[in-house]
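*Asks:* So I've got this file, input.cif, and it contains mmCIF, C-alpha atoms:
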data_run
loop_
_atom_site.label_atom_id
_atom_site.label_comp_id
_atom_site.auth_asym_id
_atom_site.auth_seq_id
_atom_site.Cartn_x
_atom_site.Cartn_y
_atom_site.Cartn_z
CA MET X 235 68.61 17.12 9.72
CA ASP X 236 67.94 17.00 13.49
CA LYS X 237 64.50 16.34 14.94
CA GLN X 238 63.86 19.93 16.07
CA LYS X 239 64.70 21.32 12.63
CA LYS X 240 62.32 18.83 10.97
CA ILE X 241 59.47 19.96 13.26
CA VAL X 242 60.17 23.65 12.50
CA ASN X 243 60.20 22.93 8.73
CA MET X 244 56.88 21.13 9.03
CA PHE X 245 55.29 24.21 10.67
CA ASP X 246 56.79 26.44 7.97
CA GLU X 247 54.96 24.32 5.39
CA ILE X 248 51.51 24.47 7.05
CA ALA X 249 51.70 28.08 8.31
CA LYS X 250 49.28 29.58 5.76
CA THR X 251 46.47 27.10 6.48
CA TYR X 252 47.26 26.64 10.19
CA ASP X 253 44.57 28.97 11.60
CA LEU X 254 41.79 27.55 9.46
CA ALA X 255 42.74 23.97 10.30
CA ASN X 256 42.87 24.78 14.03
CA ARG X 257 39.40 26.36 14.04
CA VAL X 258 37.86 23.46 12.12
CA LEU X 259 39.59 20.70 14.07
CA SER X 260 38.86 22.16 17.50
CA PHE X 261 35.33 23.30 16.50
CA GLY X 262 36.45 26.73 17.77
CA VAL X 263 36.58 25.43 21.36
CA ASP X 264 40.27 26.34 21.66
CA LYS X 265 39.14 29.98 21.95
CA SER X 266 37.47 29.30 25.29
CA TRP X 267 40.53 27.35 26.52
CA ARG X 268 42.77 30.33 25.73
CA LYS X 269 40.44 32.85 27.38
CA LYS X 270 40.26 30.78 30.57
CA ALA X 271 44.05 30.43 30.65
CA CYS X 272 44.54 34.21 30.38
CA ASP X 273 41.84 35.14 32.90
CA LYS X 274 42.95 32.59 35.50
CA THR X 275 46.62 33.52 35.16
CA PHE X 276 45.85 37.21 35.64
CA LYS X 277 43.82 36.33 38.75
CA TYR X 278 46.59 34.20 40.25
CA TYR X 279 49.22 36.87 39.53
CA GLY X 280 47.08 39.59 41.06
CA LYS X 281 48.88 42.59 39.53
CA LYS X 282 47.35 45.33 37.39
CA ASP X 283 50.54 46.66 35.77
CA LEU X 284 52.77 44.21 33.88
CA ASP X 285 56.06 44.87 32.12
CA LEU X 286 56.16 41.91 29.76
CA ILE X 287 54.26 38.82 28.65
CA ALA X 288 56.21 36.37 26.48
CA ASP X 289 54.30 33.82 24.41
CA VAL X 290 56.69 31.03 23.42
CA ALA X 291 56.07 28.86 20.34
CA CYS X 292 53.62 31.63 19.47
CA GLY X 293 52.82 30.26 16.02
CA THR X 294 50.50 32.63 14.17
CA GLY X 295 50.03 34.84 17.24
CA ASP X 296 46.65 33.62 18.56
CA MET X 297 47.64 33.65 22.23
CA CYS X 298 49.13 37.15 21.93
CA ILE X 299 45.73 38.36 20.72
CA TYR X 300 44.05 36.82 23.76
CA TRP X 301 46.58 38.28 26.21
CA ASP X 302 45.93 41.73 24.77
CA LYS X 303 42.12 41.42 24.73
CA ARG X 304 41.76 39.73 28.12
CA ALA X 305 44.08 42.27 29.77
CA GLU X 306 41.81 45.05 28.54
CA LYS X 307 38.76 43.13 29.75
CA ASN X 308 40.34 42.63 33.20
CA GLY X 309 41.59 46.22 33.53
CA ILE X 310 45.25 45.19 33.33
CA LYS X 311 47.97 47.25 31.63
CA ILE X 312 50.79 45.45 29.79
CA LYS X 313 53.78 47.43 28.59
CA LYS X 314 54.82 44.81 26.03
CA ILE X 315 53.78 41.44 24.59
CA ILE X 316 56.39 39.41 22.72
CA GLY X 317 55.69 36.34 20.58
CA ILE X 318 58.64 34.01 20.04
CA ASP X 319 58.76 31.13 17.55
CA PRO X 320 61.46 29.28 15.57
CA SER X 321 59.28 29.06 12.43
CA GLU X 322 59.66 31.99 10.03
CA GLY X 323 56.52 30.89 8.18
CA MET X 324 54.43 31.12 11.34
CA LEU X 325 55.93 34.48 12.30
CA GLU X 326 55.15 35.92 8.84
CA VAL X 327 51.47 35.06 9.32
CA ALA X 328 51.51 36.49 12.87
CA LYS X 329 53.08 39.77 11.71
CA SER X 330 50.44 40.16 8.98
CA LYS X 331 47.57 40.21 11.51
CA GLY X 332 48.26 43.64 13.01
CA ILE X 333 48.48 42.23 16.55
CA ASN X 334 49.52 44.49 19.43
CA ALA X 335 52.72 42.49 19.99
CA LYS X 336 56.30 42.20 18.79
CA PHE X 337 57.30 38.95 17.07
CA VAL X 338 60.83 37.57 17.13
CA LYS X 339 62.49 34.35 16.02
CA GLY X 340 63.79 32.17 18.83
CA GLU X 341 63.71 28.75 20.46
CA ALA X 342 62.12 27.81 23.77
CA LYS X 343 65.45 26.62 25.19
CA ASP X 344 67.24 29.87 24.26
CA LEU X 345 64.91 32.86 24.65
CA PRO X 346 66.13 36.31 23.55
CA LEU X 347 65.10 37.79 26.91
CA GLU X 348 66.92 39.07 29.99
CA ASP X 349 66.97 37.30 33.36
CA GLU X 350 63.92 37.94 35.55
CA SER X 351 62.36 40.37 33.07
CA VAL X 352 59.04 38.65 32.32
CA ASP X 353 55.78 38.66 34.31
CA ILE X 354 54.06 35.83 32.43
CA VAL X 355 55.40 33.15 30.07
CA SER X 356 52.85 31.19 28.06
CA ILE X 357 53.20 28.27 25.68
CA SER X 358 50.10 26.90 23.95
CA TYR X 359 50.18 23.49 22.23
CA GLY X 360 53.90 23.89 21.61
CA LEU X 361 55.67 22.23 24.53
CA ARG X 362 55.39 18.74 23.08
CA ASN X 363 57.16 20.05 19.94
CA VAL X 364 60.17 21.17 22.00
CA VAL X 365 62.81 18.44 21.85
CA ASP X 366 64.85 19.85 24.75
CA ARG X 367 61.85 20.27 27.04
CA VAL X 368 63.64 20.28 30.42
CA GLU X 369 66.08 22.95 29.18
CA ALA X 370 63.08 24.98 27.99
CA LEU X 371 61.36 24.82 31.40
CA GLU X 372 64.58 25.96 33.05
CA GLU X 373 64.80 28.79 30.51
CA PHE X 374 61.24 29.86 31.38
CA ALA X 375 62.29 30.00 35.04
CA ARG X 376 65.36 32.07 34.11
CA VAL X 377 63.43 34.83 32.31
CA LEU X 378 60.51 35.00 34.77
CA LYS X 379 60.50 37.43 37.66
CA GLU X 380 60.32 35.92 41.12
CA GLY X 381 56.66 35.02 41.60
CA GLY X 382 56.11 35.24 37.84
CA MET X 383 53.60 32.96 36.15
CA LEU X 384 53.95 30.15 33.62
CA VAL X 385 50.83 28.98 31.79
CA ILE X 386 50.84 25.92 29.54
CA LEU X 387 48.02 24.68 27.34
CA GLU X 388 48.79 21.26 25.95
CA PHE X 389 47.48 17.94 24.67
CA THR X 390 48.72 15.51 27.30
CA LYS X 391 48.84 11.74 27.18
CA LEU X 392 46.06 10.12 29.20
CA LYS X 393 47.17 8.04 32.19
CA GLU X 394 44.70 5.22 31.60
CA GLU X 395 42.28 4.20 28.89
CA THR X 396 38.59 5.02 29.39
CA PHE X 397 35.53 5.12 27.13
CA ILE X 398 36.00 8.88 26.71
CA SER X 399 39.71 8.46 25.96
CA LYS X 400 38.85 5.96 23.21
CA ILE X 401 36.56 8.55 21.57
CA ARG X 402 39.30 11.18 21.87
CA ASP X 403 41.89 8.83 20.41
CA PHE X 404 39.64 7.87 17.48
CA TYR X 405 39.14 11.55 16.65
CA MET X 406 42.83 12.37 17.06
CA LYS X 407 44.19 9.38 15.14
CA LYS X 408 41.59 8.93 12.39
CA VAL X 409 39.50 12.07 11.85
CA LEU X 410 42.02 14.83 12.60
CA PRO X 411 44.77 13.69 10.18
CA LEU X 412 42.20 13.33 7.39
CA ILE X 413 40.60 16.78 7.80
CA GLY X 414 43.88 18.53 8.64
CA GLY X 415 45.54 16.88 5.67
CA LEU X 416 42.78 17.99 3.30
CA LEU X 417 42.84 21.60 4.54
CA SER X 418 46.63 21.95 4.56
CA LYS X 419 47.50 19.53 1.74
CA ASN X 420 49.97 18.09 4.25
CA TYR X 421 48.71 14.80 5.66
CA GLU X 422 52.07 14.03 7.29
CA ALA X 423 51.93 17.15 9.48
CA TYR X 424 48.52 16.23 10.89
CA SER X 425 49.51 12.61 11.38
CA TYR X 426 52.36 13.98 13.50
CA LEU X 427 49.93 15.56 16.00
CA PRO X 428 48.40 12.35 17.49
CA ASN X 429 51.82 10.70 17.45
CA SER X 430 53.36 13.65 19.30
CA ILE X 431 50.68 13.36 22.00
CA GLU X 432 51.27 9.62 22.33
CA ASN X 433 54.99 10.31 22.82
CA PHE X 434 54.41 13.16 25.27
CA LEU X 435 53.86 13.22 29.04
CA THR X 436 50.85 12.57 31.21
CA LYS X 437 49.53 15.46 33.31
CA GLU X 438 51.21 13.99 36.39
CA MET X 439 54.59 13.65 34.66
CA LEU X 440 54.55 17.27 33.49
CA ILE X 441 53.64 18.48 36.99
CA ASP X 442 56.70 16.62 38.28
CA GLU X 443 58.96 18.24 35.65
CA LEU X 444 57.61 21.70 36.48
CA GLN X 445 58.28 21.21 40.18
CA LYS X 446 61.84 20.05 39.48
CA SER X 447 62.38 23.15 37.30
CA GLY X 448 61.55 25.56 40.14
CA PHE X 449 57.79 26.01 39.81
CA GLU X 450 54.87 25.66 42.21
CA VAL X 451 51.95 24.20 40.26
CA LEU X 452 48.79 26.09 41.20
CA GLU X 453 46.37 24.41 38.82
CA ALA X 454 46.36 21.52 36.35
CA LYS X 455 42.94 21.07 34.78
CA GLY X 456 41.66 19.11 31.79
CA TYR X 457 39.07 20.54 29.38
CA SER X 458 36.71 19.02 26.79
CA MET X 459 37.06 15.34 27.71
CA ASP X 460 40.68 16.01 28.71
CA ILE X 461 41.60 16.83 25.12
CA SER X 462 43.35 19.94 26.39
CA THR X 463 45.06 20.44 29.75
CA MET X 464 45.85 23.80 31.33
CA PHE X 465 48.76 24.16 33.74
CA ILE X 466 49.31 27.34 35.75
CA ALA X 467 52.51 27.54 37.79
CA ARG X 468 54.35 30.17 39.79
CA LYS X 469 58.13 30.62 39.81
CA ILE X 470 59.31 30.01 43.37
#
Please express what this file holds, its structure, as structure tokens.
*Replies:*
Amino acid sequence: MDKQKKIVNMFDEIAKTYDLANRVLSFGVDKSWRKKACDKTFKYYGKKDLDLIADVACGTGDMCIYWDKRAEKNGIKIKKIIGIDPSEGMLEVAKSKGINAKFVKGEAKDLPLEDESVDIVSISYGLRNVVDRVEALEEFARVLKEGGMLVILEFTKLKEETFISKIRDFYMKKVLPLIGGLLSKNYEAYSYLPNSIENFLTKEMLIDELQKSGFEVLEAKGYSMDISTMFIARKI
């Protein structure tokens, strides 16, 4: 079994407890990260009528909920929101929530979308799980309209060790796998998370990849002791 398939299977297994584990492990702070990402992206884009927002690696549909709610809050009309994920387990949970979005199965490197048809592409805490990351970034550029926005929320690897980074790493490597494992009955899945961050990119490395894939990076900001980083980029 290839690496990507193993990751998808792992998410299938933890789908039913995924939302609960996320809320507990992030102390609910991820909600504010998502709201900020939506609001800032709308502001950068500057349009009030959007054809399509595509949330890639949508999981259980959390980001689709925020796009819908924050658009209403900001007086923005969206014709359609699509959530795309390779995990059938995650999509089943998303579809059960009654979200104002359509959910389809698909991979980040091969999106079931037409060229230059999307206003905003988002991917939240899913990019490090994409094995063919460069191909995925190029695919995001393909489906985005000229001037369209890409927003990424992700756990990035820290460039250098600090006192704060040691606290973060202790939580990620010791506390998170224990609590996540208890809630999901899948310790292996939550041991994967800190390892996937360790094997991922620093903020600076991801900025470089985005620029090479045809994006202008407008903002790259860390939140909550740099646990989460938000990237907002425009397709050139």
*Asks:* For region 328-442 of chain X versus region 263-271 of chain X, which residues have an atom no more than 10 Å away, and what is each residue's nearest atom pair and distance in Å rounded to one decimal, using all atoms listed in the file, chain-then-number order, as CSV?
*Replies:*
residue,atom,partner,partner_atom,distance
X:Ser356,CA,X:Ala271,CA,9.2
X:Ser358,CA,X:Arg268,CA,8.3
X:Val385,CA,X:Ala271,CA,7.0
X:Ile386,CA,X:Ala271,CA,8.2
X:Leu387,CA,X:Ala271,CA,7.7
*Asks:* Apply the PyMOL selection byres ((chain X and resi 375) around 8) to the file shown and report the selected residues as a list in words.
*Replies:*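 On the file shown, the PyMOL selection byres ((chain X and resi 375) around 8) covers Leu371, Glu372, Glu373, Phe374, Arg376, Val377, Leu378, Ser447, Gly448, Phe449 and Lys469 of chain X.
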*Asks:* Can you tell me, as a PyMOL selection string, what residues are no more than 10 Å from region 243-255 of chain X when counting only C-alpha atoms, ignoring any on the same chain fewer than 3 positions away?
*Replies:* chain X and resi 238-240+258-262+293-296+320-328+410+413-420+422-424+426
*Asks:* Could you dump the residues just selected with C-alpha atoms as a CSV table (one decimal), in the frame of the given file?
*Replies:*
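After the write, result.csv holds the following:
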chain,number,residue,atom,x,y,z
X,238,GLN,CA,63.9,19.9,16.1
X,239,LYS,CA,64.7,21.3,12.6
X,240,LYS,CA,62.3,18.8,11.0
X,258,VAL,CA,37.9,23.5,12.1
X,259,LEU,CA,39.6,20.7,14.1
X,260,SER,CA,38.9,22.2,17.5
X,261,PHE,CA,35.3,23.3,16.5
X,262,GLY,CA,36.4,26.7,17.8
X,293,GLY,CA,52.8,30.3,16.0
X,294,THR,CA,50.5,32.6,14.2
X,295,GLY,CA,50.0,34.8,17.2
X,296,ASP,CA,46.6,33.6,18.6
X,320,PRO,CA,61.5,29.3,15.6
X,321,SER,CA,59.3,29.1,12.4
X,322,GLU,CA,59.7,32.0,10.0
X,323,GLY,CA,56.5,30.9,8.2
X,324,MET,CA,54.4,31.1,11.3
X,325,LEU,CA,55.9,34.5,12.3
X,326,GLU,CA,55.2,35.9,8.8
X,327,VAL,CA,51.5,35.1,9.3
X,328,ALA,CA,51.5,36.5,12.9
X,410,LEU,CA,42.0,14.8,12.6
X,413,ILE,CA,40.6,16.8,7.8
X,414,GLY,CA,43.9,18.5,8.6
X,415,GLY,CA,45.5,16.9,5.7
X,416,LEU,CA,42.8,18.0,3.3
X,417,LEU,CA,42.8,21.6,4.5
X,418,SER,CA,46.6,22.0,4.6
X,419,LYS,CA,47.5,19.5,1.7
X,420,ASN,CA,50.0,18.1,4.2
X,422,GLU,CA,52.1,14.0,7.3
X,423,ALA,CA,51.9,17.2,9.5
X,424,TYR,CA,48.5,16.2,10.9
X,426,TYR,CA,52.4,14.0,13.5
*Asks:* Taking into account all atoms listed in the file, which residue in the set X:Leu412, X:Ala288, X:Ala305, X:Ala335 is nearest to Leu347 (chain X)?
*Replies:*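 For Leu347 (chain X), the nearest of the given residues is X:Ala288.
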*Asks:* Need to verify the contact set: region 428-437 of chain X, 6 Å, all atoms listed in the file, exclusion of same-chain residues closer than 2 positions in sequence. Can you return it as a list in words?
*Replies:*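 After dropping sequence-adjacent residues, the list is Thr390, Lys391, Leu392, Lys393, Met406, Lys407, Tyr426, Met439 and Leu440 of chain X.
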*Asks:* Provide the CA of Val290 (chain X) to CA of Ile357 (chain X) distance in Å, to one decimal place.
*Replies:*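 The value is 5.0 Å.
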*Asks:* Given the choices X:Arg402, X:Val352, X:Leu384, X:Pro346, which gets closest to Glu450 (chain X) if the distance is worked out from all atoms listed in the file?
*Replies:*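 The answer is X:Leu384, which sits nearest to Glu450 (chain X).
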*Asks:* Counting all atoms listed in the file, which of X:Ala370, X:Val242, X:Val365, X:Met297 gets nearest to Cys272 (chain X)?
*Replies:*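 The shortest atom-to-atom distance to Cys272 (chain X) comes from X:Met297.
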*Asks:* Once the PyMOL selection byres ((chain X and resi 455) around 12) has been evaluated on this model, what residues remain selected, and can you format them as number ranges by chain?
*Replies:* X: 267, 270-271, 274, 385-390, 437-438, 441, 451-454, 456-467
*Asks:* Would you work out the distance separating CA of Glu395 (chain X) from CA of Tyr359 (chain X), expressed in Å to one decimal?
*Replies:* 21.9 Å
*Asks:* Quote the spacing between CA of Trp301 (chain X) and CA of Ile315 (chain X) in Å to one decimal place.
*Replies:*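 Answer for the CA of Trp301 (chain X) to CA of Ile315 (chain X) separation: 8.0 Å.
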*Asks:* Can you pull out the residues contacting Gly381 (chain X)? Cut-off 7 Å, using all atoms listed in the file, and skip same-chain residues under 2 positions away; I want them as an NGL selection string.
*Replies:* :X and (379 or 383 or 468-470)
*Asks:* Return as a PDB file with C-alpha atoms, keeping the file's coordinate frame the set of residues that the PyMOL selection byres ((chain X and resi 317) around 6) yields on the displayed structure.
*Replies:*
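Saved result, expr-v3.pdb, follows:
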ATOM      1  CA  ALA X 288      56.210  36.370  26.480  1.00  0.00           C
ATOM      2  CA  ASP X 289      54.300  33.820  24.410  1.00  0.00           C
ATOM      3  CA  CYS X 292      53.620  31.630  19.470  1.00  0.00           C
ATOM      4  CA  ILE X 316      56.390  39.410  22.720  1.00  0.00           C
ATOM      5  CA  ILE X 318      58.640  34.010  20.040  1.00  0.00           C
ATOM      6  CA  PHE X 337      57.300  38.950  17.070  1.00  0.00           C
TER       7      PHE X 337
END
*Asks:* Under the rule that only C-alpha atoms are counted, which of X:Gly382, X:Lys329, X:Gly340, X:Asn256 is the nearest residue to Leu427 (chain X)?
*Replies:* X:Asn256
*Asks:* Could you check the closest approach to Asp353 (chain X) for each of X:Tyr421, X:Tyr300, X:Phe404, X:Tyr278 and tell me which residue wins, using all atoms listed in the file?
*Replies:*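 Nearest to Asp353 (chain X): X:Tyr278.
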